[in-house]
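Have a look at the structure below before the remarks.
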Amino acid sequence: MTNTLRTEGLSKQWGGFKANTDISLTFEPGARHALIGPNGAGKTTFINLLTGGFPPSSGAVYLGSENITKLPQHERVKMGMTRTFQINTLFAGMTVLESVVLAICERRGLQKVWWKTVEKHDEVVAEAMELLATLKLTKEANSITRSMAYGKQRLVEIALALATKPKILLLDEPAAGIPSAESKELFEVIAALPRDVTVLFIEHDMGLVFRFADRITVLVGGKVLTEGTPAEIAADPRVKEVYLGEVEHG
């Protein structure tokens, strides 16, 4: 099975409100694909449809040749589709290393006894430390997560997602609430992730989008306005008008 993620005619409607309408997109393996659009464009709804957060009103989601539209979230995670979430209370009170080790043990089926046996599994700790090195978190390995700067906590969230060995990583505004310097560092780490991991991210900072995405989809009113390379999107007058605000309205 290939790791290509695609949708066909994906729609979501609540009563008379159409959050997503007839979205057909393909996310190629290894892409750094940005999803942009004004507030209320349906971006987060679309991510929820991809990950199984709720069912679509119509349409389908495919991973490779397999229709995963009706699969629950945990089954999609097993297939390699992972979304980052804010760190919960459990992880917040643990060290960074403990948090990542627990996530790895969960993947390996050791979650029920991880605290008793992890010292016997050097390969688990080694995998965790390698992951922390990838995300430039080695120095913070023994830091309590909740005591860290918000930007570092977002990196820990990504580390926990990567511990599941995803084929596709979905990020909903990873730089939200992070100072500019930290958000740049965050995206440099994301850009350096292994190319066998597809990254789909929502981001409002256009500087970050155009610097780090190799493909961009623009949503407006729950529909796809256009899709293309950063250069193509930057030159599209429709995007300038409805999103970038570079065209005056008469």
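Just remember, in the structure tokens the first chain shown is A, the second B, etc., residues are 1-based per chain, and ligands are 1-based in the order shown.
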Write out as a list in words each polymer residue whose atoms come within 12 Å of A:Pro230, counting only C-alpha atoms; drop sequence neighbours fewer than 3 positions from it.
->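 Those residues are Arg32, His33, Ala34, Leu35, Ile36, Met206, Gly207, Leu208, Val209, Phe210, Arg211, Phe212, Ala213, Asp214, Arg215, Ile216, Thr217, Val218, Thr226, Glu227, Ile233, Ala234, Ala235, Asp236 and Val239 of chain A.
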Selection export as a PDB file, in the first residue's frame, atoms kept: C-alpha atoms:
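Result saved to part_37.pdb:
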ATOM      1  CA  ARG A  32       5.063  19.423   3.062  1.00  0.00           C
ATOM      2  CA  HIS A  33       1.522  20.471   2.236  1.00  0.00           C
ATOM      3  CA  ALA A  34      -0.034  23.608   3.732  1.00  0.00           C
ATOM      4  CA  LEU A  35      -3.757  24.177   4.089  1.00  0.00           C
ATOM      5  CA  ILE A  36      -4.577  27.876   4.238  1.00  0.00           C
ATOM      6  CA  MET A 206       2.101  33.236   5.370  1.00  0.00           C
ATOM      7  CA  GLY A 207       5.827  33.772   5.793  1.00  0.00           C
ATOM      8  CA  LEU A 208       6.149  30.312   7.323  1.00  0.00           C
ATOM      9  CA  VAL A 209       3.829  28.775   4.737  1.00  0.00           C
ATOM     10  CA  PHE A 210       5.708  30.110   1.733  1.00  0.00           C
ATOM     11  CA  ARG A 211       9.064  29.251   3.240  1.00  0.00           C
ATOM     12  CA  PHE A 212       8.385  25.673   4.288  1.00  0.00           C
ATOM     13  CA  ALA A 213       5.532  24.288   2.155  1.00  0.00           C
ATOM     14  CA  ASP A 214       6.166  22.698  -1.219  1.00  0.00           C
ATOM     15  CA  ARG A 215       2.434  22.486  -1.949  1.00  0.00           C
ATOM     16  CA  ILE A 216      -0.435  24.743  -0.832  1.00  0.00           C
ATOM     17  CA  THR A 217      -4.206  24.306  -0.911  1.00  0.00           C
ATOM     18  CA  VAL A 218      -6.449  27.328  -0.364  1.00  0.00           C
ATOM     19  CA  THR A 226      -7.023  26.627  -5.770  1.00  0.00           C
ATOM     20  CA  GLU A 227      -3.968  24.465  -5.218  1.00  0.00           C
ATOM     21  CA  ILE A 233      -0.316  30.544  -5.017  1.00  0.00           C
ATOM     22  CA  ALA A 234       1.543  33.814  -4.435  1.00  0.00           C
ATOM     23  CA  ALA A 235       0.848  34.885  -8.021  1.00  0.00           C
ATOM     24  CA  ASP A 236      -2.838  33.925  -8.041  1.00  0.00           C
ATOM     25  CA  VAL A 239      -5.775  34.268  -3.427  1.00  0.00           C
TER      26      VAL A 239
END
Going by DSSP on the backbone, which residues of stretch 11-179 of chain A come out as helix (DSSP H, G or I)? List them as a PDB file with C-alpha atoms, in the first residue's frame.
ATOM      1  CA  LYS A  43      -9.654  23.891   7.485  1.00  0.00           C
ATOM      2  CA  THR A  44      -9.939  22.246  10.904  1.00  0.00           C
ATOM      3  CA  THR A  45     -13.158  20.509   9.862  1.00  0.00           C
ATOM      4  CA  PHE A  46     -11.271  19.001   6.939  1.00  0.00           C
ATOM      5  CA  ILE A  47      -8.486  17.754   9.239  1.00  0.00           C
ATOM      6  CA  ASN A  48     -11.131  16.198  11.489  1.00  0.00           C
ATOM      7  CA  LEU A  49     -12.640  14.401   8.505  1.00  0.00           C
ATOM      8  CA  LEU A  50      -9.234  13.066   7.501  1.00  0.00           C
ATOM      9  CA  THR A  51      -8.431  11.762  10.972  1.00  0.00           C
ATOM     10  CA  GLN A  73      -9.407   7.332  14.767  1.00  0.00           C
ATOM     11  CA  HIS A  74      -7.340   4.661  16.527  1.00  0.00           C
ATOM     12  CA  GLU A  75      -7.410   2.454  13.437  1.00  0.00           C
ATOM     13  CA  ARG A  76      -6.182   5.341  11.298  1.00  0.00           C
ATOM     14  CA  VAL A  77      -3.343   5.873  13.765  1.00  0.00           C
ATOM     15  CA  LYS A  78      -2.383   2.207  13.376  1.00  0.00           C
ATOM     16  CA  THR A  89      -2.321  16.502  32.293  1.00  0.00           C
ATOM     17  CA  LEU A  90      -0.553  13.135  32.430  1.00  0.00           C
ATOM     18  CA  PHE A  91       2.223  14.120  30.050  1.00  0.00           C
ATOM     19  CA  ALA A  92       2.479  17.649  31.485  1.00  0.00           C
ATOM     20  CA  VAL A  96      10.062  14.901  28.214  1.00  0.00           C
ATOM     21  CA  LEU A  97      11.917  11.585  28.042  1.00  0.00           C
ATOM     22  CA  GLU A  98       9.291   9.797  30.164  1.00  0.00           C
ATOM     23  CA  SER A  99       6.523  11.147  27.936  1.00  0.00           C
ATOM     24  CA  VAL A 100       8.151   9.965  24.725  1.00  0.00           C
ATOM     25  CA  VAL A 101       9.084   6.594  26.249  1.00  0.00           C
ATOM     26  CA  LEU A 102       5.446   6.101  27.293  1.00  0.00           C
ATOM     27  CA  ALA A 103       4.259   6.909  23.764  1.00  0.00           C
ATOM     28  CA  ILE A 104       6.743   4.425  22.291  1.00  0.00           C
ATOM     29  CA  CYS A 105       5.683   1.756  24.796  1.00  0.00           C
ATOM     30  CA  GLU A 106       2.071   2.368  23.767  1.00  0.00           C
ATOM     31  CA  ARG A 107       3.002   1.682  20.163  1.00  0.00           C
ATOM     32  CA  ARG A 108       4.948  -1.446  21.136  1.00  0.00           C
ATOM     33  CA  TRP A 114       6.123   0.428  30.942  1.00  0.00           C
ATOM     34  CA  TRP A 115       7.083   1.940  34.287  1.00  0.00           C
ATOM     35  CA  LYS A 116       8.308  -1.437  35.584  1.00  0.00           C
ATOM     36  CA  THR A 117      10.152  -2.674  32.541  1.00  0.00           C
ATOM     37  CA  VAL A 118      11.404   0.306  30.591  1.00  0.00           C
ATOM     38  CA  GLU A 119      14.832   0.088  32.186  1.00  0.00           C
ATOM     39  CA  LYS A 120      15.081  -3.414  30.712  1.00  0.00           C
ATOM     40  CA  ASP A 122      17.363  -0.100  26.250  1.00  0.00           C
ATOM     41  CA  GLU A 123      16.119   0.062  22.671  1.00  0.00           C
ATOM     42  CA  VAL A 124      13.017   1.982  23.809  1.00  0.00           C
ATOM     43  CA  VAL A 125      15.102   4.622  25.564  1.00  0.00           C
ATOM     44  CA  ALA A 126      17.495   4.734  22.617  1.00  0.00           C
ATOM     45  CA  GLU A 127      14.596   5.300  20.218  1.00  0.00           C
ATOM     46  CA  ALA A 128      13.221   8.039  22.461  1.00  0.00           C
ATOM     47  CA  MET A 129      16.575   9.819  22.668  1.00  0.00           C
ATOM     48  CA  GLU A 130      17.030   9.586  18.904  1.00  0.00           C
ATOM     49  CA  LEU A 131      13.629  11.173  18.436  1.00  0.00           C
ATOM     50  CA  LEU A 132      14.453  13.950  20.895  1.00  0.00           C
ATOM     51  CA  ALA A 133      17.688  14.596  19.008  1.00  0.00           C
ATOM     52  CA  THR A 134      15.743  14.913  15.759  1.00  0.00           C
ATOM     53  CA  THR A 138      18.050  16.393  23.895  1.00  0.00           C
ATOM     54  CA  LYS A 139      18.922  19.047  26.497  1.00  0.00           C
ATOM     55  CA  GLU A 140      15.318  19.047  27.713  1.00  0.00           C
ATOM     56  CA  THR A 145       7.059  19.252  30.272  1.00  0.00           C
ATOM     57  CA  ARG A 146       4.761  21.834  31.865  1.00  0.00           C
ATOM     58  CA  SER A 147       7.762  23.919  32.987  1.00  0.00           C
ATOM     59  CA  TYR A 150       5.338  26.952  24.943  1.00  0.00           C
ATOM     60  CA  GLY A 151       7.348  26.537  21.756  1.00  0.00           C
ATOM     61  CA  LYS A 152       9.254  23.639  23.292  1.00  0.00           C
ATOM     62  CA  GLN A 153       5.999  22.075  24.448  1.00  0.00           C
ATOM     63  CA  ARG A 154       4.773  22.122  20.850  1.00  0.00           C
ATOM     64  CA  LEU A 155       7.919  20.233  19.876  1.00  0.00           C
ATOM     65  CA  VAL A 156       7.137  17.660  22.565  1.00  0.00           C
ATOM     66  CA  GLU A 157       3.645  17.291  21.076  1.00  0.00           C
ATOM     67  CA  ILE A 158       5.247  16.561  17.712  1.00  0.00           C
ATOM     68  CA  ALA A 159       7.652  14.103  19.381  1.00  0.00           C
ATOM     69  CA  LEU A 160       4.705  12.233  20.893  1.00  0.00           C
ATOM     70  CA  ALA A 161       3.058  12.082  17.468  1.00  0.00           C
ATOM     71  CA  LEU A 162       6.258  10.872  15.798  1.00  0.00           C
TER      72      LEU A 162
END
Where in stretch 1-188 of chain A does DSSP assign strand (DSSP E), given as a ChimeraX atom specification?
-> /A:5-14,17-23,26-27,32-36,58-63,66-67,81-83,168-172
Could you pull the residues within 10 Å of stretch 65-70 of chain A, counting only C-alpha atoms, minus those fewer than 4 positions along the same chain, as JSON, numbers by chain?
-> {"A": [1, 2, 3, 4, 5, 6, 7, 10, 49, 50, 51, 52, 54, 55, 56, 58, 59, 60, 61, 75, 76, 79]}
Output for the residues just chosen: C-alpha atoms as a compact mmCIF listing (two decimals), in the first residue's frame:
# COMPACT_ATOMS: atom_id res chain seq x y z
CA MET A 1 0.00 0.00 0.00
CA THR A 2 1.30 3.45 -0.91
CA ASN A 3 1.20 6.30 1.57
CA THR A 4 -0.76 8.63 -0.73
CA LEU A 5 -3.63 10.27 1.15
CA ARG A 6 -6.53 11.49 -0.96
CA THR A 7 -10.13 12.57 -0.68
CA LEU A 10 -15.50 15.04 0.83
CA LEU A 49 -12.64 14.40 8.51
CA LEU A 50 -9.23 13.07 7.50
CA THR A 51 -8.43 11.76 10.97
CA GLY A 52 -11.88 10.36 11.77
CA PHE A 54 -16.31 12.85 12.83
CA PRO A 55 -17.85 11.22 9.77
CA PRO A 56 -18.34 13.05 6.48
CA SER A 58 -20.64 12.44 1.81
CA GLY A 59 -17.44 11.58 -0.01
CA ALA A 60 -14.52 9.34 0.88
CA VAL A 61 -11.00 9.29 2.34
CA GLU A 75 -7.41 2.45 13.44
CA ARG A 76 -6.18 5.34 11.30
CA MET A 79 -2.29 2.76 9.61
Considering only C-alpha atoms, state which residue in the set A:Ser143, A:Ser57, A:Thr229, A:Thr95 is at the smallest distance from A:Ile23.
->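 That would be A:Ser57, the residue with the smallest distance to A:Ile23.
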